[in-house]
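A.B. asks: Have a look at the structure that comes next, please.
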Amino acid sequence: MKKITIALDGPSGSGKSTIAKALSQKLNILYLDTGAMYRATAIKSLKLGIDTFDEDGVKTFIEDIDLKIKYVDGAQRTFLDGEDVSDKIREPHVSMAASNISSLKCVRLKMVDMQRKIASSMSCVLDGRDIGSFVLPNADYKFYITASVEVRTNRRFAELKQKGHDVDFEQLYKEIEQRDYNDKNRDFAPLKQADDAVLIDTSNMTIEEVINKVVSYIK
Ligand code: DC
């Protein structure tokens with residue numbers, strides 16, 4: 001099979017990661033969850049006591065950040081300073097910190113560089129915010145996956161509850177709105193639909209329907 005790259009962008013809770021995982025299994029290609037990289041960077045900043053909006057502070061560690069993506073039994077694991085932080089990065093307070101730190105140009109340049117290196121070496125599906133519009137403008141297939149804020153909050157709420165987190169629906173709703181705003185309005189490489197991306201609104205679709213739709217374009 002020739003090398004292919006698939007870009008999946010969209011706001012949080014739109015279903016991108018579930019779709020990306022399913023695609024990677026169906027097509028037997030790598031799945032790179034780029035959000036995990038911003039989340040790990042946020043943890044590093046919090047660990048050092050550096051505000052996630054403090055660009056000068058973040059610049060002191062970003063170039064030499066020890067961030068590695070490994071694949072264990074086909075699943076992505078994220079390592080920071082040699083520690084597996086794959087579970088820690090999913091904690092609710094990390095979501096907003098990741099959104100904040102991802103607005104810094106120095107962070108994006110570093111992450112994008114790492115993402116392009118991974119994508120150049122093998123067939124893969126990447127999910128994120130700027131994959132089709134900035135990281136891989138020449139990706140073979142581009143999709144912009146979205147859903148209403150209500151639906152996305154419901155999905156995230158169920159997911160967090162299942163993991164045993166104590167979450168307030170209203171607060172989660174506001175956080176998702178705030179993250180959408182941050183991600184869409186930052187100066188450098190914001191969340192946006194690439195001109196040549198296929199738009200899929202998953203609000204009233206099952207995950208199976210979405211996967212079938214995406215696969216129908218790729219075939
Ligand atoms: O997809 P996620 O919720 O794990 O991403 C966490 C944050 O990282 C998100 O609010 C915005 C940022 N992000 C980004 O700016 N660019 C990407 N390619 C992926 C994530």
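Each chain in the structure tokens gets a letter, A, B, ..., in the order shown, and its residues are numbered from 1; ligands are numbered from 1 in order too.
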If you run DSSP on the backbone here, which positions in range 63-131 of chain A get alpha helix (DSSP H)? Please write them as a CSV table (one decimal) with all heavy atoms, in the first residue's frame.
C.D. replies:
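What ended up in result-v9.csv:
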```
chain,number,residue,atom,x,y,z
A,92,PRO,N,-9.0,16.2,34.2
A,92,PRO,CA,-9.7,17.4,33.8
A,92,PRO,C,-9.0,18.7,33.8
A,92,PRO,O,-9.0,19.5,32.9
A,92,PRO,CB,-10.9,17.4,34.7
A,92,PRO,CG,-11.1,16.0,35.2
A,92,PRO,CD,-9.8,15.4,35.2
A,93,HIS,N,-8.1,18.9,34.9
A,93,HIS,CA,-7.5,20.2,35.0
A,93,HIS,C,-6.4,20.4,33.9
A,93,HIS,O,-6.0,21.5,33.6
A,93,HIS,CB,-6.8,20.4,36.4
A,93,HIS,CG,-5.6,19.6,36.6
A,93,HIS,ND1,-5.7,18.3,36.9
A,93,HIS,CD2,-4.3,19.9,36.5
A,93,HIS,CE1,-4.4,17.8,37.0
A,93,HIS,NE2,-3.6,18.8,36.8
A,94,VAL,N,-6.0,19.3,33.3
A,94,VAL,CA,-4.9,19.4,32.3
A,94,VAL,C,-5.5,19.9,30.9
A,94,VAL,O,-4.8,20.5,30.1
A,94,VAL,CB,-4.2,18.0,32.1
A,94,VAL,CG1,-3.2,18.0,31.0
A,94,VAL,CG2,-3.6,17.5,33.4
A,95,SER,N,-6.8,19.7,30.7
A,95,SER,CA,-7.4,20.0,29.5
A,95,SER,C,-7.3,21.5,29.2
A,95,SER,O,-6.9,22.0,28.1
A,95,SER,CB,-8.9,19.7,29.4
A,95,SER,OG,-9.1,18.3,29.6
A,96,MET,N,-7.7,22.3,30.2
A,96,MET,CA,-7.6,23.8,30.0
A,96,MET,C,-6.2,24.3,29.9
A,96,MET,O,-5.8,25.1,29.1
A,96,MET,CB,-8.4,24.5,31.1
A,96,MET,CG,-8.6,26.0,30.9
A,96,MET,SD,-9.5,26.3,29.4
A,96,MET,CE,-11.2,26.0,29.9
A,97,ALA,N,-5.3,23.7,30.7
A,97,ALA,CA,-3.9,24.0,30.7
A,97,ALA,C,-3.3,23.7,29.3
A,97,ALA,O,-2.5,24.5,28.8
A,97,ALA,CB,-3.1,23.3,31.8
A,98,ALA,N,-3.7,22.6,28.7
A,98,ALA,CA,-3.2,22.3,27.4
A,98,ALA,C,-3.7,23.3,26.4
A,98,ALA,O,-2.9,23.7,25.5
A,98,ALA,CB,-3.6,20.9,27.0
A,99,SER,N,-4.9,23.7,26.5
A,99,SER,CA,-5.5,24.6,25.5
A,99,SER,C,-4.7,26.0,25.7
A,99,SER,O,-4.4,26.6,24.7
A,99,SER,CB,-7.0,24.8,25.8
A,99,SER,OG,-7.5,25.8,25.0
A,100,ASN,N,-4.4,26.3,26.9
A,100,ASN,CA,-3.7,27.6,27.1
A,100,ASN,C,-2.3,27.5,26.5
A,100,ASN,O,-1.9,28.4,25.8
A,100,ASN,CB,-3.6,27.9,28.6
A,100,ASN,CG,-4.9,28.2,29.3
A,100,ASN,OD1,-5.9,28.5,28.6
A,100,ASN,ND2,-5.0,28.1,30.6
A,101,ILE,N,-1.6,26.5,26.9
A,101,ILE,CA,-0.2,26.4,26.4
A,101,ILE,C,-0.1,26.2,24.9
A,101,ILE,O,0.9,26.7,24.3
A,101,ILE,CB,0.6,25.3,27.2
A,101,ILE,CG1,2.1,25.7,27.3
A,101,ILE,CG2,0.5,23.9,26.6
A,101,ILE,CD1,2.9,25.0,28.4
A,105,LYS,N,3.3,30.3,20.4
A,105,LYS,CA,4.0,29.9,19.1
A,105,LYS,C,5.2,29.0,19.3
A,105,LYS,O,5.4,28.0,18.6
A,105,LYS,CB,4.4,31.2,18.4
A,105,LYS,CG,4.9,31.0,17.0
A,105,LYS,CD,5.1,32.3,16.3
A,105,LYS,CE,5.7,32.0,14.9
A,105,LYS,NZ,6.0,33.3,14.2
A,106,CYS,N,6.0,29.2,20.4
A,106,CYS,CA,7.2,28.4,20.6
A,106,CYS,C,6.8,26.9,20.8
A,106,CYS,O,7.5,26.0,20.4
A,106,CYS,CB,8.0,28.9,21.7
A,106,CYS,SG,7.2,28.9,23.4
A,107,VAL,N,5.6,26.7,21.5
A,107,VAL,CA,5.1,25.4,21.8
A,107,VAL,C,4.7,24.7,20.5
A,107,VAL,O,5.0,23.6,20.1
A,107,VAL,CB,4.0,25.4,22.8
A,107,VAL,CG1,3.3,24.0,22.9
A,107,VAL,CG2,4.5,25.9,24.1
A,108,ARG,N,3.9,25.5,19.7
A,108,ARG,CA,3.4,24.9,18.4
A,108,ARG,C,4.5,24.5,17.5
A,108,ARG,O,4.4,23.5,16.9
A,108,ARG,CB,2.4,25.9,17.8
A,108,ARG,CG,1.2,26.3,18.6
A,108,ARG,CD,0.0,26.7,17.8
A,108,ARG,NE,-0.6,25.5,17.1
A,108,ARG,CZ,-1.4,24.7,17.8
A,108,ARG,NH1,-1.7,24.8,19.0
A,108,ARG,NH2,-1.8,23.6,17.1
A,109,LEU,N,5.5,25.4,17.4
A,109,LEU,CA,6.6,25.1,16.4
A,109,LEU,C,7.3,23.8,16.8
A,109,LEU,O,7.6,23.0,16.0
A,109,LEU,CB,7.6,26.3,16.4
A,109,LEU,CG,7.0,27.5,15.7
A,109,LEU,CD1,8.0,28.7,15.7
A,109,LEU,CD2,6.6,27.3,14.2
A,110,LYS,N,7.5,23.6,18.1
A,110,LYS,CA,8.2,22.4,18.6
A,110,LYS,C,7.3,21.2,18.3
A,110,LYS,O,7.8,20.2,17.8
A,110,LYS,CB,8.5,22.6,20.1
A,110,LYS,CG,9.1,21.4,20.7
A,110,LYS,CD,10.6,21.3,20.3
A,110,LYS,CE,11.2,20.0,21.0
A,110,LYS,NZ,12.5,19.8,20.5
A,111,MET,N,6.1,21.3,18.7
A,111,MET,CA,5.2,20.1,18.5
A,111,MET,C,5.0,19.7,17.0
A,111,MET,O,5.0,18.6,16.6
A,111,MET,CB,3.8,20.4,19.1
A,111,MET,CG,3.8,20.6,20.6
A,111,MET,SD,4.4,19.2,21.5
A,111,MET,CE,5.8,20.0,22.4
A,112,VAL,N,4.8,20.8,16.2
A,112,VAL,CA,4.5,20.6,14.8
A,112,VAL,C,5.7,19.9,14.1
A,112,VAL,O,5.6,19.0,13.3
A,112,VAL,CB,4.2,21.9,14.1
A,112,VAL,CG1,4.2,21.8,12.6
A,112,VAL,CG2,2.8,22.4,14.6
A,113,ASP,N,6.9,20.3,14.5
A,113,ASP,CA,8.2,19.7,14.0
A,113,ASP,C,8.2,18.2,14.3
A,113,ASP,O,8.5,17.4,13.5
A,113,ASP,CB,9.3,20.5,14.7
A,113,ASP,CG,10.7,20.1,14.1
A,113,ASP,OD1,10.7,20.1,12.9
A,113,ASP,OD2,11.6,19.8,14.9
A,114,MET,N,7.9,17.9,15.6
A,114,MET,CA,7.8,16.5,16.0
A,114,MET,C,6.8,15.7,15.2
A,114,MET,O,7.0,14.6,14.7
A,114,MET,CB,7.6,16.3,17.5
A,114,MET,CG,8.7,16.8,18.4
A,114,MET,SD,8.2,17.0,20.1
A,114,MET,CE,8.1,15.2,20.6
A,115,GLN,N,5.6,16.3,15.0
A,115,GLN,CA,4.5,15.7,14.3
A,115,GLN,C,4.9,15.4,12.8
A,115,GLN,O,4.6,14.3,12.3
A,115,GLN,CB,3.2,16.5,14.4
A,115,GLN,CG,2.7,16.5,15.8
A,115,GLN,CD,1.8,17.8,16.1
A,115,GLN,OE1,1.4,18.5,15.2
A,115,GLN,NE2,1.6,18.0,17.4
A,116,ARG,N,5.5,16.4,12.2
A,116,ARG,CA,5.8,16.2,10.8
A,116,ARG,C,6.9,15.1,10.6
A,116,ARG,O,6.8,14.4,9.7
A,116,ARG,CB,6.4,17.6,10.2
A,116,ARG,CG,5.3,18.6,10.0
A,116,ARG,CD,5.8,19.8,9.4
A,116,ARG,NE,4.7,20.8,9.1
A,116,ARG,CZ,4.9,22.1,9.2
A,116,ARG,NH1,6.0,22.7,9.4
A,116,ARG,NH2,3.8,22.9,8.9
A,117,LYS,N,7.8,15.0,11.6
A,117,LYS,CA,8.8,14.0,11.5
A,117,LYS,C,8.2,12.6,11.6
A,117,LYS,O,8.5,11.7,10.8
A,117,LYS,CB,9.8,14.1,12.6
A,117,LYS,CG,10.9,15.2,12.3
A,117,LYS,CD,12.0,15.2,13.3
A,117,LYS,CE,13.0,16.3,12.9
A,117,LYS,NZ,13.2,17.2,14.0
A,118,ILE,N,7.2,12.4,12.5
A,118,ILE,CA,6.6,11.1,12.6
A,118,ILE,C,5.8,10.8,11.4
A,118,ILE,O,5.9,9.8,10.8
A,118,ILE,CB,5.7,11.1,13.9
A,118,ILE,CG1,6.5,11.3,15.2
A,118,ILE,CG2,4.8,9.9,13.9
A,118,ILE,CD1,5.7,11.5,16.4
A,119,ALA,N,5.0,11.8,10.9
A,119,ALA,CA,4.2,11.6,9.7
A,119,ALA,C,5.0,11.4,8.4
A,119,ALA,O,4.4,10.8,7.5
A,119,ALA,CB,3.2,12.8,9.5
A,120,SER,N,6.2,11.8,8.4
A,120,SER,CA,7.0,11.7,7.1
A,120,SER,C,7.5,10.2,7.0
A,120,SER,O,7.9,9.8,6.0
A,120,SER,CB,8.1,12.6,7.1
A,120,SER,OG,9.1,12.3,8.1
A,121,SER,N,7.5,9.5,8.2
A,121,SER,CA,8.2,8.2,8.1
A,121,SER,C,7.2,7.0,7.8
A,121,SER,O,7.7,6.0,7.5
A,121,SER,CB,8.9,8.0,9.4
A,121,SER,OG,8.0,8.0,10.5
```
A.B. asks: Write out as a list in words each polymer residue (protein, DNA or RNA) that has an atom no more than 7 Å from ligand 1, with only C-alpha atoms and all ligand atoms counted.
C.D. replies: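 Going residue by residue within 7 Å of ligand 1, we get Ser12, Thr34, Gly35, Ala36, Tyr38, Arg39, Ser95, Met96, Ala98, Ser99, Ser102, Ser103, Asp127, Gly128, Arg129, Asp130, Ile131, Arg179 and Asp183 of chain A.
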A.B. asks: What's around Glu83 in chain A at 10 Å? Count only C-alpha atoms, leave out sequence neighbours fewer than 4 positions away in its own chain, and write the answer as a ChimeraX atom specification.
C.D. replies: /A:66-68,78-79
A.B. asks: Could you write out that same residue set with C-alpha atoms as a CSV table (one decimal), in the first residue's frame?
C.D. replies:
```csv
chain,number,residue,atom,x,y,z
A,66,ASP,CA,11.9,15.1,27.0
A,67,LEU,CA,8.6,14.1,25.4
A,68,LYS,CA,8.4,10.8,23.6
A,78,THR,CA,3.0,9.4,26.1
A,79,PHE,CA,6.3,9.7,28.1
```
A.B. asks: May I ask which of the residues A:Gln162, A:Gln178, A:Thr202, A:Gln25 is the closest one to Phe143 in chain A, counting only C-alpha atoms?
C.D. replies: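 The shortest atom-to-atom distance to Phe143 in chain A comes from A:Thr202.
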A.B. asks: With a distance cut-off of 7 Å and only C-alpha atoms, select the neighbouring residues of range 133-140 of chain A, excluding the residue or stretch itself and same-chain residues fewer than 3 positions from it, and output the selection as a list in words.
C.D. replies: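 The residues that qualify are Ile4, Thr5, Ile6, Ala7, Val112, Arg116, Asp130, Ala189, Gln193 and Ala194 of chain A.
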A.B. asks: List every residue of range 7-155 of chain A that DSSP, applied to the backbone, labels as strand (DSSP E or B), and write the result as an MDAnalysis selection string.
C.D. replies: chainID A and resid 7:9 30:33 67:72 75:80 83:84 124:128 141:146
